[in-house]
Amino acid sequence: MLLKVDHVTRYHYAPAVRGVVQSHRLTPSRYDGQKVISWEVTVTGGEKGGAFRDGAGDWVQAWTVKGPVEEIEVRVQGVVETTDMAGMLKGHRETVPPEAWLRDTPATEADEALRALADSARHDEPLSYVHALAFAVAGAIAYKPGSTHEHTTAAEALALGEGVCQDHAHALLACARHAGFPARYVSGYLFAAEDGTPHEAAHAWAEVHVPGYGWIGFDPANRCCPDERYIRLGAGLDAREAAPIRGIARGGAAERLDVSVSVAPPVAAQSQSQ
Amino acid sequence: MTTYFNEMFDGKSVRDPYARLGDWMATMPADRRLEKQAEAEALFRRIGITFAVYGEGGDPDRLIPFDMFPRVFTNHEWGKLERGIKQRARALNAFLVDVYGRAEIVRAGRIPARLVFQNEAYERAVAGFVPPKGVYSHIVGIDIVRTGPTDFFVLEDNCRTPSGVSYMLESREMIMRMFPELFRENRIEPVDRYPEALRRTLASVAPAKCDRDPTVVILTPGHFNSAYYEHSFLADLMGVELVEGADLFVEGGFVWMRTTEGPKRVDVIYRRLDDAFIDPLCFRPDSMLGVPGLMDVYRSGGVTICSAPGAGVADDKAIYTYVPEMVRFYLGEEPIIPNVPTWKCGNADDLGHVLSNLKDLVVKEVHGSGGYGMLVGPKSTKAQIEEFRERIKADPANYIAQPTLALSTTPTFVEEGIAPRHVDLRPYCLVGERIELVPGGLTRVALREGSLVVNSSQGGGVKDTWVLAE
Amino acid sequence: MLSRTADNLYWIARYMERAETAARLLEVGARIALLPSAQGYRNDWDSLLRASGNAAGYAAKYGAPAEKAIESWLFFDRDNPNSVASCITAARENGRIVRTALTGQVWDALNTAFQELRQLEARRASCELSRLTDWTMKQAAMVRGSIDATLLRNDGFNFLNIGYYLERGDSTARLMDVKYYVLLPQLEYVGSGLDNDQWSMLLRALGAHRAFHWAYGGEITAAKIAHFLILNPQSPRALITCVAGMANHLGRLAKYYGRETPAQPAVQDLLKMIETATVETIFDEGLHEFLTRFVGEAARLGAVIHDSYLSGDM
């Protein structure tokens, strides 16, 4: 499936800041499920810094913007051809071994409730176990935009019983790691025209390392494994680590953020804009 | 009653390396000694050497006691130590490059994957990266203890930023100034080339993108840090800038320092700051001490960070027990200086042994440092032992145990005159394009009678360390 | 040189000079207290506090001016950032930070001042005022002397001197202003005998009493004093000497770095303001107004120097 992405993030600083440094994981992963047809990231007034492929296989591109600066626009535009791999991350090259993905972070630490949730889904066969974990998480946390925030932990989201894709992914990571599976947070894009929720076009899910299969994606928010509607960007131990854009402004001014994302087949995107 | 090896008096006679010191000591009047001791202390205070070694914290204006009686090695003794230290530094670096690459040693089953990859000090952010010249740990501080004429053991490795080297240099300066006659009578290998050797080592690992004489800086957490004196001392002797995080910034693919002439590019950063603080964009977002974006520049070859982020995975006490295995695996050699036998409480068999022999053992926390969180069995009360027993049982994997070592003693000036006190040794091995070891190190001495704990926070002092020329 | 290092050096100089100013204010106060005053003893102390630049801080802590409290405030009090103790501590801390840019002698002088200060603090009750002021002058001279005698004539030396001259010009202007504006606001006292006594005392406090007589001789008049402290390039604390000193060291910096910054034209502007002034134009404008204008312009110059060299944001 061809997917066209147009992702714009605008940062407003008041008063102007002395400079901005950003680290981007904004390039589609190289694996058998996706092929980049075209891809470009631009930063207004930005200078490209170093770039490299990190141990997890993600392409990292650094940017700096000289101050004084009041507004920055990060724009991602491109077309990717995707294939349904039933969630399997085949043909992805990475140095970091699965064992390194067993570590907890504050956002993904399993409390008693998360451990109980994980134990309730226990299954002898690993793949079935992980599927059961994903369903358990989907059942325990109802999708409700606005109920949680950026810093909500997995344990808090479960206690609340509501959340968004970030909370689902965090909860699944906590459960999977508790069950002994290496697991990681994945950020990317989702073509979600069917259910008409454009804000979910910038999406997140989890990958779990299952013995005999390798890394498999699970999207509890949509009760499925990533297919041809998904574009994978990068991974981390939690949302903060896997963020497509990490940035710091020098000068400590108040920051305001506007994001707009559209992901759709190229023709549909054109007709929408006309 | 344990007998301790006295490095000066071998039974009734004076051992060779100390022969001339014996006369010196015998002929020095007590009042001259006291006068010199007071002079040394006043000098240290005036120069402002008031810092804690090994990041032990404490009062920043505290002086560490300086003992004027030198500790002496023969050229032959040092030769063996030097080979052993360099061997170990090489193996530790080979291990670091390996575990951040294909991790062959783990695949070969020689070290458990869990110990490496679930280690707090394993940095996923540097996986897949080979630093310039394949060096992760550029200054390896290896703590060594002695129990007999030819018996040396490695107690601990320090691959991150071992401190205390300024004491090695200042102690020597002090002794040369106060007792110049000793240097005429004894042929002592100089240590004052250390700063230049360090600068050369750092310059030799300049990043791929550096196409000129590299600019080296020392990055300090700031003047409130207890080791600030050492940072500024080294910067001065090396002739490089001492910078704080706020003096540096990232632009384009490089790191720059703010100077009165505008931005100046920096190629090599010798940081005296923990991994967690060096880049708020990559690690702790609340760190005010680091440089945002530094890690991306590092990974893309725009700057070299010494020691390399992630180097700490090699000097963990749990990893320590596998260092001899590293020497065999990477170098195909037998370790020249062995480890102290160590029981891992995480192993059920070892745990049983440890718990039934607590009164004879030294038990340490795997991640602890500075002599805290430690049980010295023979020196502890029954209640202390029982309390520690519960702590071990609660979290066995967090503890290792070692036999109580009969640490060697050297003569030390004490209130009543001269008496034997226990010592250890930390040499500083430099690893860059070449591997270098300045003949000397920091000798720490437990000033309390009978004490085996040499940490300055627990009543330890320092001595000048001599290596005699052939 | 690191911008922060230059900043630390600049502030070592400013703090040492400021410590000396605080000591001079104390000395002026001590002498004022021995003389009859036009408006009473209390107002004289009050004016000193205003000259020290932090009268509000004193009022908040001690309330009404009192001799002992003011002595303590100007010398020992850490709540007063301009006290001798605060300034010497800050100068030494700045020195500790940039030890690599100092010689052993300069560090020794700074550190000795700090160590002795701690001893004075330990027995402050038994310290005579005159000994405290003498001690401060001596420490300032030791630091200054070791800088002049041992430091390389490089950019750091220029930043130190710029700090000294800027602070000194500022303090001369403030000390004069105390005399002219605060002590004797009413016109009828100007030119009176009392006025001359107190001007004379001001000269003493500035360590310039004998120098003044050598240079001018005869009766002390306001015009002569204004000339001496503002316009006479022979006078070490005159505003013109301070500004010319800054111009000299900024010029050397431009040469050293091979590049000019906005600081060089800015110092020339200030120099011109003084060089073109005469005693007549100053008194026409009003001494207080002139001094106020100078203090403002000097502060602006300080900001330009900061932006051009010390902030690191170029």
# chains A, B, ... in the order shown; residues from 1 in each chain; ligands from 1

$ interface_residues --of "chain A" --to "chain C" --cutoff "12 Å" --atoms "only C-alpha atoms" --output "PyMOL selection string"
chain A and resi 18-19+66-68+250-251

$ residues_around --residues "stretch 265-273 of chain B" --least-positions-apart "4" --cutoff "9 Å" --atoms "only C-alpha atoms" --output "compact mmCIF listing (two decimals) with N, CA and C atoms, in the first residue's frame"
# COMPACT_ATOMS: atom_id res chain seq x y z
N ARG B 160 35.62 4.53 34.44
CA ARG B 160 34.92 5.78 34.08
C ARG B 160 35.87 6.95 34.23
N THR B 161 35.89 7.60 35.38
CA THR B 161 36.79 8.73 35.55
C THR B 161 37.46 8.60 36.91
N PRO B 162 38.44 7.70 37.01
CA PRO B 162 39.10 7.51 38.30
C PRO B 162 39.75 8.82 38.75
N SER B 163 39.54 9.19 40.01
CA SER B 163 40.11 10.45 40.48
C SER B 163 41.29 10.16 41.39
N LEU B 202 44.66 11.75 25.00
CA LEU B 202 43.37 12.32 24.62
C LEU B 202 43.41 12.82 23.17
N ALA B 203 44.52 13.46 22.81
CA ALA B 203 44.62 13.98 21.45
C ALA B 203 44.65 12.83 20.44
N VAL B 205 42.92 10.25 20.34
CA VAL B 205 41.62 9.65 20.03
C VAL B 205 40.66 10.70 19.46
N ALA B 206 41.21 11.72 18.83
CA ALA B 206 40.38 12.75 18.18
C ALA B 206 39.43 12.07 17.19
N PRO B 207 38.26 12.65 17.00
CA PRO B 207 37.24 12.01 16.16
C PRO B 207 37.58 12.03 14.67
N LYS B 209 36.11 13.29 12.21
CA LYS B 209 35.91 14.55 11.49
C LYS B 209 36.95 15.62 11.83
N CYS B 210 37.85 15.31 12.75
CA CYS B 210 38.85 16.31 13.15
C CYS B 210 40.03 16.24 12.19
N PRO B 214 43.98 18.56 17.38
CA PRO B 214 42.72 18.54 18.12
C PRO B 214 42.69 19.46 19.33
N THR B 215 41.54 20.09 19.57
CA THR B 215 41.33 20.89 20.77
C THR B 215 40.74 19.98 21.85
N VAL B 216 41.46 19.88 22.95
CA VAL B 216 41.04 19.03 24.06
C VAL B 216 40.53 19.92 25.19
N VAL B 217 39.45 19.52 25.85
CA VAL B 217 39.00 20.25 27.04
C VAL B 217 38.68 19.25 28.16
N ILE B 218 38.66 19.75 29.39
CA ILE B 218 38.16 18.96 30.51
C ILE B 218 36.80 19.52 30.88
N LEU B 219 35.81 18.65 30.98
CA LEU B 219 34.46 19.07 31.34
C LEU B 219 34.22 18.74 32.81
N THR B 220 33.99 19.77 33.62
CA THR B 220 33.79 19.58 35.05
C THR B 220 32.33 19.86 35.41
N PRO B 221 31.82 19.20 36.46
CA PRO B 221 30.46 19.54 36.90
C PRO B 221 30.41 20.95 37.49
N ALA B 227 35.89 17.33 43.60
CA ALA B 227 37.15 17.08 42.89
C ALA B 227 37.53 18.23 41.97
N HIS B 231 40.33 18.77 38.76
CA HIS B 231 39.99 19.12 37.38
C HIS B 231 40.81 20.33 36.93
N LEU B 248 29.80 25.08 26.66
CA LEU B 248 29.79 24.34 25.40
C LEU B 248 28.40 24.39 24.78
N PHE B 254 28.92 19.76 15.26
CA PHE B 254 30.09 19.88 16.13
C PHE B 254 29.75 20.50 17.49
N VAL B 255 30.72 20.36 18.39
CA VAL B 255 30.61 20.98 19.71
C VAL B 255 31.53 22.20 19.72
N TRP B 256 31.04 23.27 20.29
CA TRP B 256 31.80 24.53 20.32
C TRP B 256 31.90 25.04 21.74
N MET B 257 33.00 25.74 22.02
CA MET B 257 33.06 26.41 23.33
C MET B 257 32.98 27.92 23.13
N PHE B 277 24.52 12.67 33.18
CA PHE B 277 24.41 14.13 33.19
C PHE B 277 24.96 14.80 31.95
N ILE B 278 25.58 14.06 31.04
CA ILE B 278 26.33 14.77 29.99
C ILE B 278 25.45 15.34 28.89
N LEU B 289 23.97 20.22 33.94
CA LEU B 289 25.43 20.23 33.87
C LEU B 289 25.96 19.87 32.49
N GLY B 290 25.10 19.30 31.67
CA GLY B 290 25.59 18.75 30.42
C GLY B 290 25.42 19.67 29.23
N GLY B 302 31.68 13.65 15.47
CA GLY B 302 32.09 15.05 15.52
C GLY B 302 32.89 15.41 16.75
N VAL B 303 32.87 14.55 17.76
CA VAL B 303 33.61 14.82 18.99
C VAL B 303 33.88 13.49 19.67
N THR B 304 34.95 13.44 20.46
CA THR B 304 35.22 12.23 21.24
C THR B 304 34.99 12.54 22.71
N ILE B 305 34.30 11.65 23.40
CA ILE B 305 34.06 11.81 24.83
C ILE B 305 34.90 10.77 25.57
N CYS B 306 35.69 11.23 26.55
CA CYS B 306 36.56 10.33 27.31
C CYS B 306 36.22 10.44 28.80
N SER B 307 35.98 9.34 29.49
CA SER B 307 35.79 8.03 28.94
C SER B 307 34.49 7.97 28.14

$ select_by_dssp --residues "stretch 130-330 of chain B" --states "alpha helix (DSSP H)" --output "PyMOL selection string"
chain B and resi 165-178+180-185+194-204+228-238+275-278+294-299+317-320+323-326

$ write_last_selection --atoms "C-alpha atoms" --output "short mmCIF file (atom, residue, chain, number, x, y, z; two decimals), in the first residue's frame"
data_model
loop_
_atom_site.label_atom_id
_atom_site.label_comp_id
_atom_site.auth_asym_id
_atom_site.auth_seq_id
_atom_site.Cartn_x
_atom_site.Cartn_y
_atom_site.Cartn_z
CA VAL B 165 45.83 11.44 40.21
CA SER B 166 46.48 15.00 41.34
CA TYR B 167 47.47 13.51 44.70
CA MET B 168 50.00 11.31 42.98
CA LEU B 169 51.55 14.41 41.42
CA GLU B 170 51.24 16.75 44.38
CA SER B 171 52.58 14.19 46.86
CA ARG B 172 55.67 13.83 44.75
CA GLU B 173 56.09 17.60 44.47
CA MET B 174 55.75 17.90 48.20
CA ILE B 175 58.35 15.25 49.01
CA MET B 176 60.78 16.68 46.44
CA ARG B 177 60.39 20.10 47.95
CA MET B 178 60.79 19.01 51.55
CA PRO B 180 65.42 16.93 48.12
CA GLU B 181 68.24 14.85 49.59
CA LEU B 182 66.10 11.72 49.18
CA PHE B 183 66.10 12.19 45.45
CA ARG B 184 69.85 12.40 45.31
CA GLU B 185 70.23 9.22 47.32
CA TYR B 194 51.67 12.18 33.47
CA PRO B 195 49.80 15.35 32.39
CA GLU B 196 51.58 15.44 29.06
CA ALA B 197 50.98 11.72 28.57
CA LEU B 198 47.30 12.25 29.35
CA ARG B 199 47.07 15.10 26.87
CA ARG B 200 48.77 13.01 24.21
CA THR B 201 46.43 10.10 24.92
CA LEU B 202 43.37 12.32 24.62
CA ALA B 203 44.62 13.98 21.45
CA SER B 204 45.30 10.57 19.92
CA TYR B 228 37.17 20.53 41.27
CA TYR B 229 40.70 21.12 42.43
CA GLU B 230 41.86 18.07 40.52
CA HIS B 231 39.99 19.12 37.38
CA SER B 232 41.55 22.55 37.39
CA PHE B 233 44.97 21.17 38.33
CA LEU B 234 44.97 18.76 35.37
CA ALA B 235 43.66 21.39 32.95
CA ASP B 236 46.46 23.69 34.03
CA LEU B 237 49.22 21.10 33.68
CA MET B 238 47.87 19.89 30.34
CA ASP B 275 26.97 9.51 31.81
CA ALA B 276 23.54 10.41 33.13
CA PHE B 277 24.41 14.13 33.19
CA ILE B 278 26.33 14.77 29.99
CA LEU B 294 26.30 16.18 22.68
CA MET B 295 25.53 12.48 22.19
CA ASP B 296 24.36 12.94 18.60
CA VAL B 297 27.59 14.76 17.76
CA TYR B 298 29.56 12.02 19.48
CA ARG B 299 27.80 9.21 17.65
CA LYS B 317 31.64 -5.30 40.91
CA ALA B 318 29.50 -8.07 39.40
CA ILE B 319 31.43 -7.84 36.13
CA TYR B 320 34.73 -7.72 38.05
CA VAL B 323 37.73 -9.85 34.12
CA PRO B 324 40.21 -12.77 34.24
CA GLU B 325 37.89 -14.49 31.78
CA MET B 326 38.09 -11.41 29.54
#

$ residues_around --residues "stretch 199-213 of chain C" --least-positions-apart "3" --cutoff "8 Å" --atoms "only C-alpha atoms" --output "PDB file with C-alpha atoms, in the first residue's frame"
ATOM      1  CA  ARG C  24      36.882  53.566  52.170  1.00  0.00           C
ATOM      2  CA  LEU C  25      33.253  54.268  52.940  1.00  0.00           C
ATOM      3  CA  GLU C  27      36.800  55.232  56.802  1.00  0.00           C
ATOM      4  CA  VAL C  28      34.849  58.236  55.582  1.00  0.00           C
ATOM      5  CA  ARG C  31      35.988  60.502  60.187  1.00  0.00           C
ATOM      6  CA  ILE C  32      32.565  62.044  59.721  1.00  0.00           C
ATOM      7  CA  LEU C 175      31.747  58.643  46.645  1.00  0.00           C
ATOM      8  CA  MET C 176      31.705  62.139  45.167  1.00  0.00           C
ATOM      9  CA  LYS C 179      29.489  64.328  49.369  1.00  0.00           C
ATOM     10  CA  ASP C 195      31.973  72.023  53.096  1.00  0.00           C
ATOM     11  CA  ASN C 196      35.711  72.309  52.725  1.00  0.00           C
ATOM     12  CA  TYR C 216      46.972  72.064  43.371  1.00  0.00           C
ATOM     13  CA  GLY C 217      48.168  73.627  46.597  1.00  0.00           C
ATOM     14  CA  GLY C 218      46.335  76.355  48.449  1.00  0.00           C
ATOM     15  CA  ILE C 220      40.493  73.403  48.785  1.00  0.00           C
ATOM     16  CA  ALA C 222      34.896  72.460  44.933  1.00  0.00           C
ATOM     17  CA  ILE C 225      38.295  68.830  43.743  1.00  0.00           C
ATOM     18  CA  PHE C 228      41.093  66.418  40.490  1.00  0.00           C
ATOM     19  CA  SER C 235      44.886  61.413  39.583  1.00  0.00           C
ATOM     20  CA  ARG C 237      41.044  57.504  40.822  1.00  0.00           C
TER      21      ARG C 237
END

$ closest_atom_pairs --of "chain A" --to "chain B" --cutoff "7 Å" --atoms "only C-alpha atoms" --output "JSON lines"
{"residue": "A:Val21", "atom": "CA", "partner": "B:Gly293", "partner_atom": "CA", "distance": 6.2}
{"residue": "A:Glu47", "atom": "CA", "partner": "B:Gly252", "partner_atom": "CA", "distance": 5.6}
{"residue": "A:Lys48", "atom": "CA", "partner": "B:Gly252", "partner_atom": "CA", "distance": 5.5}
{"residue": "A:Gly49", "atom": "CA", "partner": "B:Gly253", "partner_atom": "CA", "distance": 3.8}
{"residue": "A:Gly50", "atom": "CA", "partner": "B:Gly253", "partner_atom": "CA", "distance": 4.5}
{"residue": "A:Ala51", "atom": "CA", "partner": "B:Ser300", "partner_atom": "CA", "distance": 5.6}
{"residue": "A:Phe52", "atom": "CA", "partner": "B:Ser300", "partner_atom": "CA", "distance": 5.6}
{"residue": "A:Asp54", "atom": "CA", "partner": "B:Gly128", "partner_atom": "CA", "distance": 6.6}
{"residue": "A:Gly55", "atom": "CA", "partner": "B:Ala127", "partner_atom": "CA", "distance": 4.6}
{"residue": "A:Ala62", "atom": "CA", "partner": "B:Asp296", "partner_atom": "CA", "distance": 6.4}
{"residue": "A:Trp63", "atom": "CA", "partner": "B:Gly252", "partner_atom": "CA", "distance": 6.7}
{"residue": "A:Thr64", "atom": "CA", "partner": "B:Glu251", "partner_atom": "CA", "distance": 5.6}
{"residue": "A:Thr95", "atom": "CA", "partner": "B:Gly128", "partner_atom": "CA", "distance": 5.5}
{"residue": "A:Val96", "atom": "CA", "partner": "B:Ala127", "partner_atom": "CA", "distance": 6.0}
{"residue": "A:Glu99", "atom": "CA", "partner": "B:Phe117", "partner_atom": "CA", "distance": 5.8}
{"residue": "A:Ala100", "atom": "CA", "partner": "B:Phe117", "partner_atom": "CA", "distance": 4.7}
{"residue": "A:Leu102", "atom": "CA", "partner": "B:Gln118", "partner_atom": "CA", "distance": 6.9}
{"residue": "A:Arg103", "atom": "CA", "partner": "B:Gln118", "partner_atom": "CA", "distance": 6.3}
{"residue": "A:Arg246", "atom": "CA", "partner": "B:Leu281", "partner_atom": "CA", "distance": 6.7}
{"residue": "A:Gly247", "atom": "CA", "partner": "B:Leu281", "partner_atom": "CA", "distance": 6.6}
{"residue": "A:Ile248", "atom": "CA", "partner": "B:Leu281", "partner_atom": "CA", "distance": 6.8}

$ interface_residues --of "chain C" --to "chain B" --cutoff "7 Å" --atoms "only C-alpha atoms" --output "NGL selection string"
:C and (1-3 or 97 or 99-100 or 257 or 309-310 or 312 or 314)

$ write_last_selection --atoms "C-alpha atoms" --output "PDB file, in the first residue's frame"
ATOM      1  CA  MET C   1      40.012  32.321  26.422  1.00  0.00           C
ATOM      2  CA  LEU C   2      36.682  30.955  27.635  1.00  0.00           C
ATOM      3  CA  SER C   3      34.108  33.704  27.967  1.00  0.00           C
ATOM      4  CA  ILE C  97      37.124  28.776  39.511  1.00  0.00           C
ATOM      5  CA  ARG C  99      42.921  29.148  38.966  1.00  0.00           C
ATOM      6  CA  THR C 100      44.430  28.005  35.711  1.00  0.00           C
ATOM      7  CA  TYR C 257      42.151  39.339  18.943  1.00  0.00           C
ATOM      8  CA  TYR C 309      33.237  39.308  25.338  1.00  0.00           C
ATOM      9  CA  LEU C 310      31.854  37.789  28.499  1.00  0.00           C
ATOM     10  CA  GLY C 312      29.696  33.780  25.170  1.00  0.00           C
ATOM     11  CA  MET C 314      28.466  36.133  19.919  1.00  0.00           C
TER      12      MET C 314
END

$ select_by_dssp --residues "stretch 30-158 of chain B" --states "strand (DSSP E or B)" --output "PyMOL selection string"
chain B and resi 66-73+139-148+151-158

$ closest_residue --among "A:Ala142, A:Ala206, A:Leu133, A:Ile72" --to "A:His170" --atoms "only C-alpha atoms"
A:Ala206

$ residues_around --residues "A:Leu237" --least-positions-apart "2" --cutoff "10 Å" --atoms "only C-alpha atoms" --output "number ranges by chain"
A: 100-105, 107-108, 170, 173, 182-186, 206, 235, 239-242; B: 124

$ write_last_selection --atoms "C-alpha atoms" --output "PDB file, in the first residue's frame"
ATOM      1  CA  ALA A 100      18.832  -4.979  26.656  1.00  0.00           C
ATOM      2  CA  TRP A 101      15.084  -4.342  26.298  1.00  0.00           C
ATOM      3  CA  LEU A 102      14.150  -5.925  29.614  1.00  0.00           C
ATOM      4  CA  ARG A 103      14.926  -2.816  31.656  1.00  0.00           C
ATOM      5  CA  ASP A 104      12.143  -0.785  33.238  1.00  0.00           C
ATOM      6  CA  THR A 105      11.765   2.957  33.123  1.00  0.00           C
ATOM      7  CA  ALA A 107       6.878   5.162  32.847  1.00  0.00           C
ATOM      8  CA  THR A 108       6.821   1.395  32.359  1.00  0.00           C
ATOM      9  CA  HIS A 170       3.433   1.501  28.144  1.00  0.00           C
ATOM     10  CA  LEU A 173       5.653  -3.047  27.896  1.00  0.00           C
ATOM     11  CA  PRO A 182      12.028  -8.058  25.991  1.00  0.00           C
ATOM     12  CA  ALA A 183       9.723  -5.273  24.837  1.00  0.00           C
ATOM     13  CA  ARG A 184       9.983  -1.774  23.387  1.00  0.00           C
ATOM     14  CA  TYR A 185       7.989   1.273  22.515  1.00  0.00           C
ATOM     15  CA  VAL A 186       7.587   2.026  18.815  1.00  0.00           C
ATOM     16  CA  ALA A 206       4.723  -1.928  21.311  1.00  0.00           C
ATOM     17  CA  ALA A 235      11.973   2.425  19.105  1.00  0.00           C
ATOM     18  CA  ALA A 239       7.688   7.038  24.875  1.00  0.00           C
ATOM     19  CA  ARG A 240      10.338   9.549  25.879  1.00  0.00           C
ATOM     20  CA  GLU A 241      13.143   7.433  24.447  1.00  0.00           C
ATOM     21  CA  ALA A 242      11.306   6.661  21.236  1.00  0.00           C
TER      22      ALA A 242
ATOM     23  CA  ARG B 124      21.901   1.359  24.715  1.00  0.00           C
TER      24      ARG B 124
END

$ residues_around --residues "A:Val164" --least-positions-apart "3" --cutoff "7 Å" --atoms "only C-alpha atoms" --output "PyMOL selection string"
chain A and resi 143-145+167-168

$ atom_distance --atom1 "atom CA of C:Arg78" --atom2 "atom CA of C:Ala66"
18.0 Å

$ residues_around --residues "stretch 69-82 of chain B" --least-positions-apart "3" --cutoff "6 Å" --atoms "only C-alpha atoms" --output "PyMOL selection string"
chain B and resi 17+85+412+463-470

$ write_last_selection --atoms "C-alpha atoms" --output "PDB file, in the first residue's frame"
ATOM      1  CA  PRO B  17      63.928  -0.939  48.165  1.00  0.00           C
ATOM      2  CA  ILE B  85      47.876  -3.459  34.622  1.00  0.00           C
ATOM      3  CA  THR B 412      53.883   5.538  58.403  1.00  0.00           C
ATOM      4  CA  LYS B 463      51.541   8.698  50.406  1.00  0.00           C
ATOM      5  CA  ASP B 464      54.038   9.313  47.660  1.00  0.00           C
ATOM      6  CA  THR B 465      54.687   6.148  45.656  1.00  0.00           C
ATOM      7  CA  TRP B 466      58.195   5.482  44.376  1.00  0.00           C
ATOM      8  CA  VAL B 467      59.372   3.185  41.662  1.00  0.00           C
ATOM      9  CA  LEU B 468      63.146   2.850  41.790  1.00  0.00           C
ATOM     10  CA  ALA B 469      65.098   3.008  38.558  1.00  0.00           C
ATOM     11  CA  GLU B 470      67.186  -0.035  37.691  1.00  0.00           C
TER      12      GLU B 470
END

$ residues_around --residues "stretch 387-391 of chain B" --least-positions-apart "2" --cutoff "9 Å" --atoms "only C-alpha atoms" --output "PDB file with N, CA and C atoms, in the first residue's frame"
ATOM      1  N   LEU B 355      27.117 -16.805  53.862  1.00  0.00           N
ATOM      2  CA  LEU B 355      26.321 -16.619  55.078  1.00  0.00           C
ATOM      3  C   LEU B 355      26.910 -17.401  56.259  1.00  0.00           C
ATOM      4  N   LEU B 358      30.426 -15.279  57.470  1.00  0.00           N
ATOM      5  CA  LEU B 358      30.396 -13.817  57.480  1.00  0.00           C
ATOM      6  C   LEU B 358      31.480 -13.194  58.352  1.00  0.00           C
ATOM      7  N   VAL B 363      32.148  -8.130  52.856  1.00  0.00           N
ATOM      8  CA  VAL B 363      31.001  -8.170  51.953  1.00  0.00           C
ATOM      9  C   VAL B 363      30.766  -6.767  51.415  1.00  0.00           C
ATOM     10  N   MET B 374      29.345  -1.675  53.376  1.00  0.00           N
ATOM     11  CA  MET B 374      30.368  -2.704  53.345  1.00  0.00           C
ATOM     12  C   MET B 374      30.487  -3.327  54.744  1.00  0.00           C
ATOM     13  N   LEU B 375      30.695  -4.644  54.786  1.00  0.00           N
ATOM     14  CA  LEU B 375      30.892  -5.319  56.072  1.00  0.00           C
ATOM     15  C   LEU B 375      32.299  -5.905  56.105  1.00  0.00           C
ATOM     16  N   LYS B 382      28.920  -8.719  66.598  1.00  0.00           N
ATOM     17  CA  LYS B 382      27.952  -9.762  66.280  1.00  0.00           C
ATOM     18  C   LYS B 382      26.661  -9.141  65.728  1.00  0.00           C
ATOM     19  N   ALA B 383      26.236  -8.061  66.372  1.00  0.00           N
ATOM     20  CA  ALA B 383      24.993  -7.404  65.967  1.00  0.00           C
ATOM     21  C   ALA B 383      25.115  -6.864  64.537  1.00  0.00           C
ATOM     22  N   GLN B 384      26.287  -6.262  64.238  1.00  0.00           N
ATOM     23  CA  GLN B 384      26.494  -5.721  62.890  1.00  0.00           C
ATOM     24  C   GLN B 384      26.441  -6.842  61.866  1.00  0.00           C
ATOM     25  N   ILE B 385      27.058  -7.967  62.204  1.00  0.00           N
ATOM     26  CA  ILE B 385      27.065  -9.102  61.279  1.00  0.00           C
ATOM     27  C   ILE B 385      25.645  -9.609  61.044  1.00  0.00           C
ATOM     28  N   LYS B 393      20.369 -11.398  52.706  1.00  0.00           N
ATOM     29  CA  LYS B 393      19.277 -12.334  52.402  1.00  0.00           C
ATOM     30  C   LYS B 393      18.168 -11.651  51.613  1.00  0.00           C
ATOM     31  N   ALA B 394      17.943 -10.365  51.924  1.00  0.00           N
ATOM     32  CA  ALA B 394      16.854  -9.646  51.264  1.00  0.00           C
ATOM     33  C   ALA B 394      17.143  -9.424  49.783  1.00  0.00           C
ATOM     34  N   ASP B 395      18.421  -9.290  49.427  1.00  0.00           N
ATOM     35  CA  ASP B 395      18.761  -8.995  48.034  1.00  0.00           C
ATOM     36  C   ASP B 395      20.139  -9.568  47.719  1.00  0.00           C
ATOM     37  N   PRO B 396      20.243 -10.901  47.666  1.00  0.00           N
ATOM     38  CA  PRO B 396      21.565 -11.537  47.540  1.00  0.00           C
ATOM     39  C   PRO B 396      22.351 -11.051  46.331  1.00  0.00           C
TER      40      PRO B 396
END

$ atom_distance --atom1 "atom CA of A:Cys225" --atom2 "atom CA of A:Glu207"
9.5 Å
